[in-house]
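Here's query_15.pdb, which has PDB, C-alpha atoms, pLDDT in the B column:
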```
ATOM      1  CA  MET A 207     118.329 161.623 135.476  1.00 78.00           C
ATOM      2  CA  ARG A 208     121.333 162.116 137.745  1.00 82.00           C
ATOM      3  CA  LYS A 209     119.809 159.683 140.213  1.00 81.00           C
ATOM      4  CA  TYR A 210     119.715 156.966 137.525  1.00 79.00           C
ATOM      5  CA  LEU A 211     123.263 157.689 136.389  1.00 78.00           C
ATOM      6  CA  ILE A 212     124.500 157.266 139.959  1.00 83.00           C
ATOM      7  CA  ARG A 213     122.367 154.192 140.545  1.00 86.00           C
ATOM      8  CA  TYR A 214     123.488 152.422 137.358  1.00 85.00           C
ATOM      9  CA  LYS A 215     127.056 153.729 137.276  1.00 86.00           C
ATOM     10  CA  PRO A 216     128.742 150.265 137.490  1.00 83.00           C
ATOM     11  CA  PHE A 217     126.630 148.942 134.635  1.00 87.00           C
ATOM     12  CA  LEU A 218     127.182 152.044 132.519  1.00 88.00           C
ATOM     13  CA  LEU A 219     130.950 151.902 133.164  1.00 90.00           C
ATOM     14  CA  PHE A 220     130.962 148.248 132.137  1.00 90.00           C
ATOM     15  CA  LEU A 221     129.075 149.021 128.915  1.00 94.00           C
ATOM     16  CA  GLY A 222     131.254 152.011 128.087  1.00 95.00           C
ATOM     17  CA  THR A 223     134.502 150.152 128.746  1.00 95.00           C
ATOM     18  CA  PHE A 224     133.320 147.060 126.877  1.00 97.00           C
ATOM     19  CA  PHE A 225     132.213 148.954 123.761  1.00 97.00           C
ATOM     20  CA  PHE A 226     135.230 151.268 123.773  1.00 98.00           C
ATOM     21  CA  THR A 227     137.626 148.299 123.982  1.00 98.00           C
ATOM     22  CA  TYR A 228     135.675 146.307 121.386  1.00 98.00           C
ATOM     23  CA  ILE A 229     135.567 149.189 118.906  1.00 98.00           C
ATOM     24  CA  LEU A 230     139.240 150.055 119.459  1.00 98.00           C
ATOM     25  CA  LEU A 231     140.456 146.471 119.010  1.00 98.00           C
ATOM     26  CA  THR A 232     138.191 145.939 115.992  1.00 98.00           C
ATOM     27  CA  PHE A 233     139.506 149.147 114.429  1.00 98.00           C
ATOM     28  CA  LEU A 234     143.126 148.063 115.047  1.00 98.00           C
ATOM     29  CA  TYR A 235     142.414 144.615 113.611  1.00 98.00           C
ATOM     30  CA  HIS A 236     140.852 146.090 110.465  1.00 97.00           C
ATOM     31  CA  PHE A 237     143.820 148.444 110.167  1.00 96.00           C
ATOM     32  CA  PHE A 238     146.048 145.337 110.297  1.00 96.00           C
ATOM     33  CA  LEU A 239     143.918 143.594 107.643  1.00 95.00           C
ATOM     34  CA  ASP A 240     143.979 146.671 105.412  1.00 94.00           C
ATOM     35  CA  SER A 241     147.780 146.480 105.337  1.00 94.00           C
ATOM     36  CA  TYR A 242     147.455 143.387 103.108  1.00 92.00           C
ATOM     37  CA  GLU A 243     146.804 143.719  99.413  1.00 88.00           C
ATOM     38  CA  ARG A 244     143.408 142.618  98.202  1.00 86.00           C
ATOM     39  CA  GLY A 245     143.456 138.903  97.468  1.00 85.00           C
ATOM     40  CA  ASN A 246     146.295 138.120  99.907  1.00 93.00           C
ATOM     41  CA  VAL A 247     145.849 136.064 103.066  1.00 95.00           C
ATOM     42  CA  ASP A 248     146.736 137.883 106.292  1.00 96.00           C
ATOM     43  CA  ALA A 249     149.455 136.520 108.580  1.00 97.00           C
ATOM     44  CA  ILE A 250     147.093 135.345 111.334  1.00 97.00           C
ATOM     45  CA  THR A 251     144.869 133.348 108.976  1.00 97.00           C
ATOM     46  CA  ARG A 252     148.002 131.898 107.365  1.00 97.00           C
ATOM     47  CA  LEU A 253     149.285 130.813 110.788  1.00 98.00           C
ATOM     48  CA  VAL A 254     145.935 129.234 111.718  1.00 98.00           C
ATOM     49  CA  ALA A 255     145.891 127.303 108.418  1.00 97.00           C
ATOM     50  CA  GLN A 256     149.477 126.134 108.919  1.00 98.00           C
ATOM     51  CA  ASN A 257     148.743 125.074 112.507  1.00 98.00           C
ATOM     52  CA  ALA A 258     145.608 123.140 111.468  1.00 97.00           C
ATOM     53  CA  ASP A 259     147.683 121.470 108.753  1.00 97.00           C
ATOM     54  CA  ALA A 260     150.388 120.569 111.286  1.00 97.00           C
ATOM     55  CA  VAL A 261     147.863 119.111 113.736  1.00 97.00           C
ATOM     56  CA  LEU A 262     146.239 116.913 111.097  1.00 96.00           C
ATOM     57  CA  SER A 263     149.555 115.967 109.468  1.00 95.00           C
ATOM     58  CA  GLY A 264     150.590 114.443 112.773  1.00 94.00           C
ATOM     59  CA  PHE A 265     147.799 111.892 112.329  1.00 91.00           C
ATOM     60  CA  ASP A 266     147.534 111.528 108.572  1.00 91.00           C
ATOM     61  CA  LYS A 267     150.198 112.294 105.968  1.00 90.00           C
ATOM     62  CA  THR A 268     147.634 112.913 103.204  1.00 93.00           C
ATOM     63  CA  VAL A 269     146.753 116.316 104.694  1.00 95.00           C
ATOM     64  CA  PHE A 270     147.976 119.521 103.075  1.00 95.00           C
ATOM     65  CA  ILE A 271     146.842 123.114 102.618  1.00 96.00           C
ATOM     66  CA  LYS A 272     146.907 125.126  99.426  1.00 96.00           C
ATOM     67  CA  GLU A 273     146.589 128.883  99.126  1.00 95.00           C
ATOM     68  CA  ASP A 274     144.179 130.082  96.466  1.00 93.00           C
ATOM     69  CA  SER A 275     145.934 132.134  93.795  1.00 88.00           C
ATOM     70  CA  LYS A 276     143.087 134.640  93.321  1.00 89.00           C
ATOM     71  CA  GLU A 277     141.175 134.809  96.595  1.00 92.00           C
ATOM     72  CA  PRO A 278     142.406 135.217 100.200  1.00 94.00           C
ATOM     73  CA  PHE A 279     141.877 131.723 101.598  1.00 95.00           C
ATOM     74  CA  PHE A 280     143.483 128.332 102.062  1.00 97.00           C
ATOM     75  CA  THR A 281     141.873 125.043 101.164  1.00 97.00           C
ATOM     76  CA  LEU A 282     142.618 122.149 103.483  1.00 97.00           C
ATOM     77  CA  TYR A 283     142.886 118.817 101.677  1.00 96.00           C
ATOM     78  CA  PHE A 284     142.327 115.469 103.360  1.00 92.00           C
ATOM     79  CA  HIS A 285     142.842 112.290 101.298  1.00 91.00           C
ATOM     80  CA  GLN A 286     143.183 114.440  98.155  1.00 91.00           C
ATOM     81  CA  LYS A 287     139.784 116.026  98.747  1.00 93.00           C
ATOM     82  CA  GLY A 288     139.433 119.761  99.387  1.00 94.00           C
ATOM     83  CA  LEU A 289     137.268 119.860 102.474  1.00 91.00           C
ATOM     84  CA  VAL A 290     137.353 123.285 104.090  1.00 94.00           C
ATOM     85  CA  ARG A 291     138.256 126.814 103.160  1.00 96.00           C
ATOM     86  CA  ILE A 292     140.136 128.715 105.818  1.00 96.00           C
ATOM     87  CA  VAL A 293     139.292 132.392 105.400  1.00 96.00           C
ATOM     88  CA  GLU A 294     139.972 135.439 107.567  1.00 95.00           C
ATOM     89  CA  GLY A 295     136.763 134.831 109.529  1.00 93.00           C
ATOM     90  CA  CYS A 296     138.059 131.395 110.590  1.00 94.00           C
ATOM     91  CA  ASN A 297     141.092 132.690 112.460  1.00 96.00           C
ATOM     92  CA  GLY A 298     139.261 133.347 115.733  1.00 96.00           C
ATOM     93  CA  ILE A 299     140.408 136.953 116.130  1.00 98.00           C
ATOM     94  CA  SER A 300     136.891 138.378 116.334  1.00 97.00           C
ATOM     95  CA  LEU A 301     136.130 135.990 119.195  1.00 97.00           C
ATOM     96  CA  ILE A 302     139.401 136.884 120.934  1.00 98.00           C
ATOM     97  CA  ILE A 303     138.505 140.591 120.606  1.00 98.00           C
ATOM     98  CA  LEU A 304     135.113 139.893 122.188  1.00 98.00           C
ATOM     99  CA  PHE A 305     136.781 137.915 124.998  1.00 98.00           C
ATOM    100  CA  ILE A 306     139.352 140.646 125.700  1.00 98.00           C
ATOM    101  CA  SER A 307     136.708 143.388 125.680  1.00 97.00           C
ATOM    102  CA  PHE A 308     134.679 141.584 128.325  1.00 96.00           C
ATOM    103  CA  VAL A 309     137.710 140.925 130.545  1.00 96.00           C
ATOM    104  CA  VAL A 310     138.840 144.547 130.294  1.00 96.00           C
ATOM    105  CA  ALA A 311     135.320 145.752 131.144  1.00 94.00           C
ATOM    106  CA  PHE A 312     135.453 143.665 134.337  1.00 89.00           C
ATOM    107  CA  SER A 313     139.135 144.289 134.909  1.00 85.00           C
ATOM    108  CA  GLY A 314     140.957 143.316 138.056  1.00 80.00           C
ATOM    109  CA  ASN A 315     144.528 144.202 138.898  1.00 89.00           C
ATOM    110  CA  LEU A 316     146.750 144.770 135.864  1.00 93.00           C
ATOM    111  CA  LYS A 317     148.877 141.645 136.256  1.00 93.00           C
ATOM    112  CA  ASN A 318     145.878 139.287 136.566  1.00 92.00           C
ATOM    113  CA  THR A 319     144.069 141.033 133.732  1.00 94.00           C
ATOM    114  CA  LEU A 320     147.011 140.751 131.339  1.00 96.00           C
ATOM    115  CA  LEU A 321     147.765 137.136 132.303  1.00 96.00           C
ATOM    116  CA  PHE A 322     144.122 136.102 131.920  1.00 96.00           C
ATOM    117  CA  ILE A 323     143.851 137.887 128.570  1.00 97.00           C
ATOM    118  CA  PHE A 324     147.011 136.168 127.330  1.00 98.00           C
ATOM    119  CA  GLY A 325     146.050 132.723 128.642  1.00 98.00           C
ATOM    120  CA  GLY A 326     142.433 132.963 127.499  1.00 98.00           C
ATOM    121  CA  SER A 327     143.404 134.240 124.052  1.00 98.00           C
ATOM    122  CA  LEU A 328     145.924 131.429 123.676  1.00 98.00           C
ATOM    123  CA  LEU A 329     143.292 128.871 124.720  1.00 98.00           C
ATOM    124  CA  ILE A 330     140.778 130.290 122.222  1.00 98.00           C
ATOM    125  CA  TYR A 331     143.429 130.221 119.473  1.00 98.00           C
ATOM    126  CA  VAL A 332     144.357 126.581 120.201  1.00 98.00           C
ATOM    127  CA  LEU A 333     140.689 125.537 120.389  1.00 97.00           C
ATOM    128  CA  ASN A 334     140.067 127.270 117.085  1.00 97.00           C
ATOM    129  CA  VAL A 335     142.932 125.410 115.379  1.00 97.00           C
ATOM    130  CA  LEU A 336     141.641 122.132 116.825  1.00 97.00           C
ATOM    131  CA  ARG A 337     138.130 123.078 115.675  1.00 96.00           C
ATOM    132  CA  ILE A 338     139.328 123.442 112.099  1.00 96.00           C
ATOM    133  CA  ALA A 339     141.307 120.190 112.226  1.00 96.00           C
ATOM    134  CA  ILE A 340     138.518 118.127 113.786  1.00 95.00           C
ATOM    135  CA  LEU A 341     135.880 119.744 111.585  1.00 95.00           C
ATOM    136  CA  SER A 342     137.870 118.738 108.496  1.00 95.00           C
ATOM    137  CA  VAL A 343     137.951 115.093 109.533  1.00 94.00           C
ATOM    138  CA  LEU A 344     134.274 115.086 110.485  1.00 96.00           C
ATOM    139  CA  ILE A 345     133.274 116.704 107.189  1.00 95.00           C
ATOM    140  CA  TYR A 346     135.258 114.016 105.380  1.00 95.00           C
ATOM    141  CA  CYS A 347     133.447 111.285 107.346  1.00 95.00           C
ATOM    142  CA  PHE A 348     130.006 112.933 107.473  1.00 96.00           C
ATOM    143  CA  PRO A 349     129.699 115.355 104.520  1.00 94.00           C
ATOM    144  CA  SER A 350     125.915 115.562 104.851  1.00 96.00           C
ATOM    145  CA  GLN A 351     126.314 117.009 108.368  1.00 95.00           C
ATOM    146  CA  LEU A 352     128.348 120.059 107.273  1.00 91.00           C
ATOM    147  CA  HIS A 353     125.810 122.627 108.439  1.00 92.00           C
ATOM    148  CA  LEU A 354     125.245 120.966 111.808  1.00 94.00           C
ATOM    149  CA  LEU A 355     128.995 120.644 112.448  1.00 92.00           C
ATOM    150  CA  HIS A 356     130.123 124.043 111.170  1.00 92.00           C
ATOM    151  CA  ALA A 357     127.217 126.270 112.136  1.00 93.00           C
ATOM    152  CA  VAL A 358     125.874 124.607 115.289  1.00 94.00           C
ATOM    153  CA  LEU A 359     128.098 122.133 117.119  1.00 93.00           C
ATOM    154  CA  PHE A 360     131.507 123.799 116.924  1.00 92.00           C
ATOM    155  CA  PRO A 361     130.276 127.365 117.590  1.00 93.00           C
ATOM    156  CA  LEU A 362     128.359 125.991 120.572  1.00 95.00           C
ATOM    157  CA  ILE A 363     131.521 124.393 121.926  1.00 95.00           C
ATOM    158  CA  ILE A 364     133.854 127.359 121.441  1.00 95.00           C
ATOM    159  CA  TYR A 365     131.361 129.972 122.672  1.00 96.00           C
ATOM    160  CA  SER A 366     130.655 127.801 125.725  1.00 97.00           C
ATOM    161  CA  VAL A 367     134.358 127.763 126.547  1.00 97.00           C
ATOM    162  CA  VAL A 368     134.538 131.561 126.206  1.00 97.00           C
ATOM    163  CA  PHE A 369     131.477 131.923 128.421  1.00 97.00           C
ATOM    164  CA  MET A 370     133.076 129.659 131.058  1.00 97.00           C
ATOM    165  CA  LEU A 371     136.269 131.741 130.891  1.00 97.00           C
ATOM    166  CA  TRP A 372     134.202 134.858 131.539  1.00 95.00           C
ATOM    167  CA  ILE A 373     132.509 133.217 134.528  1.00 94.00           C
ATOM    168  CA  VAL A 374     135.902 132.209 135.957  1.00 94.00           C
ATOM    169  CA  TRP A 375     137.208 135.728 135.357  1.00 94.00           C
ATOM    170  CA  ILE A 376     134.300 137.427 137.108  1.00 91.00           C
ATOM    171  CA  ASN A 377     134.241 135.048 140.069  1.00 91.00           C
ATOM    172  CA  LYS A 378     137.987 134.632 140.664  1.00 90.00           C
ATOM    173  CA  PHE A 379     139.964 137.561 139.303  1.00 86.00           C
ATOM    174  CA  SER A 380     137.873 140.645 138.502  1.00 84.00           C
ATOM    175  CA  LYS A 381     137.411 143.549 140.861  1.00 80.00           C
ATOM    176  CA  TYR A 382     133.946 142.098 141.607  1.00 75.00           C
ATOM    177  CA  ALA A 383     135.298 138.687 142.714  1.00 71.00           C
ATOM    178  CA  LYS A 384     134.430 137.680 146.245  1.00 66.00           C
TER     179      LYS A 384
END
```
Could you spell out this file's structure in structure tokens?
Amino acid sequence: MRKYLIRYKPFLLFLGTFFFTYILLTFLYHFFLDSYERGNVDAITRLVAQNADAVLSGFDKTVFIKEDSKEPFFTLYFHQKGLVRIVEGCNGISLIILFISFVVAFSGNLKNTLLFIFGGSLLIYVLNVLRIAILSVLIYCFPSQLHLLHAVLFPLIIYSVVFMLWIVWINKFSKYAK
């Protein structure tokens, strides 16, 4: 058994660090969410909704968001039609937590790690806001393609970007970079 622990030590350290970081950040995020009363939108989801509204409003003045009075979500309206609900799961934080956990598990020096986490998280946040904005327009134009757009195309795009960030991290900045 000891022989296997020694042999697979790097992999086991990666797994342990990844899961520890993921569980810790998820716990902290849920602690943050629990600080909001039931039925209220959290600050991050509110900011994402406002940013998506701002992006679309730059192109079309008929865009606005409206907070639901009973449930914790925003509805984004485009040409007076409520197209998408922006809920807590749309704010991209779970994906950012996954991204950070991976980077920490393959950490490099502290400065590079923190800069890459900040830059990558910011990129994921911006892509997520753009995803919501573009998805709203596409749903307006192609309502029959909702499932394909929301559940297939946009997750494929954003997860591909995160995967590419991980590849860059491992090959250029982590302690395993050559």
note = From the list A:Leu282, A:Val309, A:Leu344, A:Leu359, the nearest residue to Tyr382 (chain A) using only C-alpha atoms is A:Val309
key: Protein and nucleic acid residues near (135.8, 115.8, 109.0) (cut-off 12 Å, all atoms listed in the file) as a PyMOL selection string   = chain A and resi 262+269+282-285+287-290+336-352+355-356
request  = Give me, please, the distance in Å between CA of Arg244 (chain A) and CA of Val293 (chain A), quoted to one decimal.
outcome  = 13.2 Å
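Computed from the coordinates, the CA of Glu294 (chain A) to CA of Thr251 (chain A) distance equals 5.5 Å.
Atom pair CA of Pro278 (chain A) / CA of Val335 (chain A): separated by 18.1 Å.
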request  = Please identify all polymer residues within 10 Å of Phe220 (chain A), counting all atoms listed in the file, omitting same-chain residues fewer than 6 positions from it, and present them as a ChimeraX atom specification.
outcome  = /A:226,307-308,310-313
Taking every listed atom of region 210-221 of chain A and adding 5 Å to each side, what centre and edge lengths in Å (one decimal) does the axis-aligned box have, as AutoDock Vina command-line options?
```
--center_x 125.3 --center_y 153.0 --center_z 134.7 --size_x 21.2 --size_y 19.4 --size_z 21.6
```
message = For the provided coordinates, the residues matched by the PyMOL selection byres ((chain A and resi 291) around 6) should be stated as a list in words.
response = Phe280, Thr281, Val290 and Ile292 of chain A
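Proximity ranking of A:Leu301, A:Leu253, A:Ile306, A:Leu211 relative to Leu230 (chain A) places A:Ile306 first, based on only C-alpha atoms.
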key: Within 12 Å of Glu243 (chain A) using all atoms listed in the file, minus same-chain residues under 6 positions, as a ChimeraX atom specification   = /A:249,276-278
task = Point out the residue among A:Ile323, A:Ile302, A:Ile330, A:Val367 with the least atom-to-atom distance to Tyr235 (chain A), counting all atoms listed in the file.
result = A:Ile302
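Using the PyMOL selection byres ((chain A and resi 331) around 9) on the file at hand returns these residues: Val254, Asn297, Gly298, Ile299, Ile302, Gly326, Ser327, Leu328, Leu329, Ile330, Val332, Leu333, Asn334, Val335 and Leu336 of chain A.
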note = Counting all atoms listed in the file, the residue among A:Cys296, A:Leu304, A:Ile212, A:Met207 that lies closest to Asp248 (chain A) is A:Cys296
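For the choices A:Gln286, A:Val374, A:Pro361, A:Gly295, the atom-to-atom distance to Lys267 (chain A) is smallest for A:Gln286 when using only C-alpha atoms.
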Given the block above, output region 320-333 of chain A with all heavy atoms as an mmCIF file, in the first residue's frame.
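The result, stored in part29.cif:
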```cif
data_model
loop_
_atom_site.group_PDB
_atom_site.id
_atom_site.type_symbol
_atom_site.label_atom_id
_atom_site.label_comp_id
_atom_site.auth_asym_id
_atom_site.auth_seq_id
_atom_site.Cartn_x
_atom_site.Cartn_y
_atom_site.Cartn_z
ATOM 1 N N LEU A 320 -2.346 33.671 -8.169
ATOM 2 C CA LEU A 320 -3.374 34.674 -7.856
ATOM 3 C C LEU A 320 -3.754 35.496 -9.088
ATOM 4 O O LEU A 320 -4.953 35.774 -9.303
ATOM 5 C CB LEU A 320 -2.890 35.583 -6.725
ATOM 6 C CG LEU A 320 -2.735 34.913 -5.363
ATOM 7 C CD1 LEU A 320 -2.171 35.896 -4.340
ATOM 8 C CD2 LEU A 320 -4.055 34.319 -4.885
ATOM 9 N N LEU A 321 -2.774 35.883 -9.890
ATOM 10 C CA LEU A 321 -3.075 36.652 -11.107
ATOM 11 C C LEU A 321 -3.895 35.830 -12.096
ATOM 12 O O LEU A 321 -4.841 36.344 -12.709
ATOM 13 C CB LEU A 321 -1.785 37.147 -11.760
ATOM 14 C CG LEU A 321 -1.078 38.303 -11.067
ATOM 15 C CD1 LEU A 321 0.272 38.580 -11.724
ATOM 16 C CD2 LEU A 321 -1.946 39.545 -11.072
ATOM 17 N N PHE A 322 -3.552 34.559 -12.263
ATOM 18 C CA PHE A 322 -4.295 33.714 -13.197
ATOM 19 C C PHE A 322 -5.712 33.458 -12.686
ATOM 20 O O PHE A 322 -6.664 33.453 -13.481
ATOM 21 C CB PHE A 322 -3.558 32.392 -13.426
ATOM 22 C CG PHE A 322 -3.978 31.690 -14.682
ATOM 23 C CD1 PHE A 322 -3.440 32.064 -15.901
ATOM 24 C CD2 PHE A 322 -4.909 30.672 -14.644
ATOM 25 C CE1 PHE A 322 -3.829 31.422 -17.079
ATOM 26 C CE2 PHE A 322 -5.304 30.023 -15.796
ATOM 27 C CZ PHE A 322 -4.765 30.393 -17.027
ATOM 28 N N ILE A 323 -5.855 33.257 -11.387
ATOM 29 C CA ILE A 323 -7.190 33.074 -10.811
ATOM 30 C C ILE A 323 -8.028 34.330 -11.027
ATOM 31 O O ILE A 323 -9.189 34.251 -11.449
ATOM 32 C CB ILE A 323 -7.107 32.705 -9.312
ATOM 33 C CG1 ILE A 323 -6.661 31.247 -9.163
ATOM 34 C CG2 ILE A 323 -8.425 32.943 -8.607
ATOM 35 C CD1 ILE A 323 -6.363 30.832 -7.743
ATOM 36 N N PHE A 324 -7.456 35.494 -10.760
ATOM 37 C CA PHE A 324 -8.195 36.741 -10.949
ATOM 38 C C PHE A 324 -8.555 36.949 -12.420
ATOM 39 O O PHE A 324 -9.714 37.199 -12.758
ATOM 40 C CB PHE A 324 -7.386 37.938 -10.429
ATOM 41 C CG PHE A 324 -8.063 39.252 -10.677
ATOM 42 C CD1 PHE A 324 -9.150 39.641 -9.905
ATOM 43 C CD2 PHE A 324 -7.638 40.085 -11.696
ATOM 44 C CE1 PHE A 324 -9.802 40.838 -10.148
ATOM 45 C CE2 PHE A 324 -8.279 41.290 -11.950
ATOM 46 C CZ PHE A 324 -9.367 41.669 -11.173
ATOM 47 N N GLY A 325 -7.572 36.834 -13.299
ATOM 48 C CA GLY A 325 -7.823 37.044 -14.729
ATOM 49 C C GLY A 325 -8.790 36.024 -15.312
ATOM 50 O O GLY A 325 -9.694 36.381 -16.071
ATOM 51 N N GLY A 326 -8.611 34.762 -14.965
ATOM 52 C CA GLY A 326 -9.502 33.714 -15.464
ATOM 53 C C GLY A 326 -10.917 33.871 -14.943
ATOM 54 O O GLY A 326 -11.888 33.698 -15.685
ATOM 55 N N SER A 327 -11.045 34.215 -13.664
ATOM 56 C CA SER A 327 -12.381 34.419 -13.082
ATOM 57 C C SER A 327 -13.078 35.604 -13.732
ATOM 58 O O SER A 327 -14.283 35.551 -14.012
ATOM 59 C CB SER A 327 -12.269 34.634 -11.570
ATOM 60 O OG SER A 327 -11.740 33.495 -10.947
ATOM 61 N N LEU A 328 -12.329 36.664 -13.979
ATOM 62 C CA LEU A 328 -12.894 37.835 -14.651
ATOM 63 C C LEU A 328 -13.335 37.471 -16.068
ATOM 64 O O LEU A 328 -14.430 37.857 -16.502
ATOM 65 C CB LEU A 328 -11.878 38.974 -14.673
ATOM 66 C CG LEU A 328 -12.357 40.293 -15.262
ATOM 67 C CD1 LEU A 328 -13.521 40.862 -14.449
ATOM 68 C CD2 LEU A 328 -11.209 41.296 -15.301
ATOM 69 N N LEU A 329 -12.520 36.717 -16.788
ATOM 70 C CA LEU A 329 -12.886 36.284 -18.137
ATOM 71 C C LEU A 329 -14.149 35.431 -18.111
ATOM 72 O O LEU A 329 -15.060 35.626 -18.930
ATOM 73 C CB LEU A 329 -11.735 35.513 -18.785
ATOM 74 C CG LEU A 329 -12.018 34.939 -20.178
ATOM 75 C CD1 LEU A 329 -12.282 36.064 -21.187
ATOM 76 C CD2 LEU A 329 -10.868 34.067 -20.640
ATOM 77 N N ILE A 330 -14.243 34.496 -17.185
ATOM 78 C CA ILE A 330 -15.429 33.641 -17.076
ATOM 79 C C ILE A 330 -16.656 34.489 -16.758
ATOM 80 O O ILE A 330 -17.726 34.290 -17.339
ATOM 81 C CB ILE A 330 -15.217 32.544 -16.009
ATOM 82 C CG1 ILE A 330 -14.140 31.562 -16.471
ATOM 83 C CG2 ILE A 330 -16.522 31.807 -15.713
ATOM 84 C CD1 ILE A 330 -13.633 30.635 -15.385
ATOM 85 N N TYR A 331 -16.509 35.469 -15.860
ATOM 86 C CA TYR A 331 -17.627 36.344 -15.510
ATOM 87 C C TYR A 331 -18.111 37.118 -16.743
ATOM 88 O O TYR A 331 -19.309 37.156 -17.036
ATOM 89 C CB TYR A 331 -17.219 37.318 -14.399
ATOM 90 C CG TYR A 331 -18.324 38.273 -14.027
ATOM 91 C CD1 TYR A 331 -19.278 37.909 -13.091
ATOM 92 C CD2 TYR A 331 -18.421 39.517 -14.640
ATOM 93 C CE1 TYR A 331 -20.313 38.773 -12.772
ATOM 94 C CE2 TYR A 331 -19.449 40.382 -14.326
ATOM 95 C CZ TYR A 331 -20.398 40.006 -13.389
ATOM 96 O OH TYR A 331 -21.425 40.855 -13.082
ATOM 97 N N VAL A 332 -17.172 37.727 -17.471
ATOM 98 C CA VAL A 332 -17.530 38.512 -18.662
ATOM 99 C C VAL A 332 -18.183 37.612 -19.712
ATOM 100 O O VAL A 332 -19.208 37.982 -20.314
ATOM 101 C CB VAL A 332 -16.293 39.238 -19.229
ATOM 102 C CG1 VAL A 332 -16.570 39.829 -20.598
ATOM 103 C CG2 VAL A 332 -15.831 40.321 -18.258
ATOM 104 N N LEU A 333 -17.613 36.441 -19.961
ATOM 105 C CA LEU A 333 -18.207 35.506 -20.919
ATOM 106 C C LEU A 333 -19.605 35.100 -20.493
ATOM 107 O O LEU A 333 -20.496 34.937 -21.334
ATOM 108 C CB LEU A 333 -17.331 34.267 -21.077
ATOM 109 C CG LEU A 333 -16.068 34.432 -21.896
ATOM 110 C CD1 LEU A 333 -15.240 33.148 -21.864
ATOM 111 C CD2 LEU A 333 -16.392 34.809 -23.330
#
```
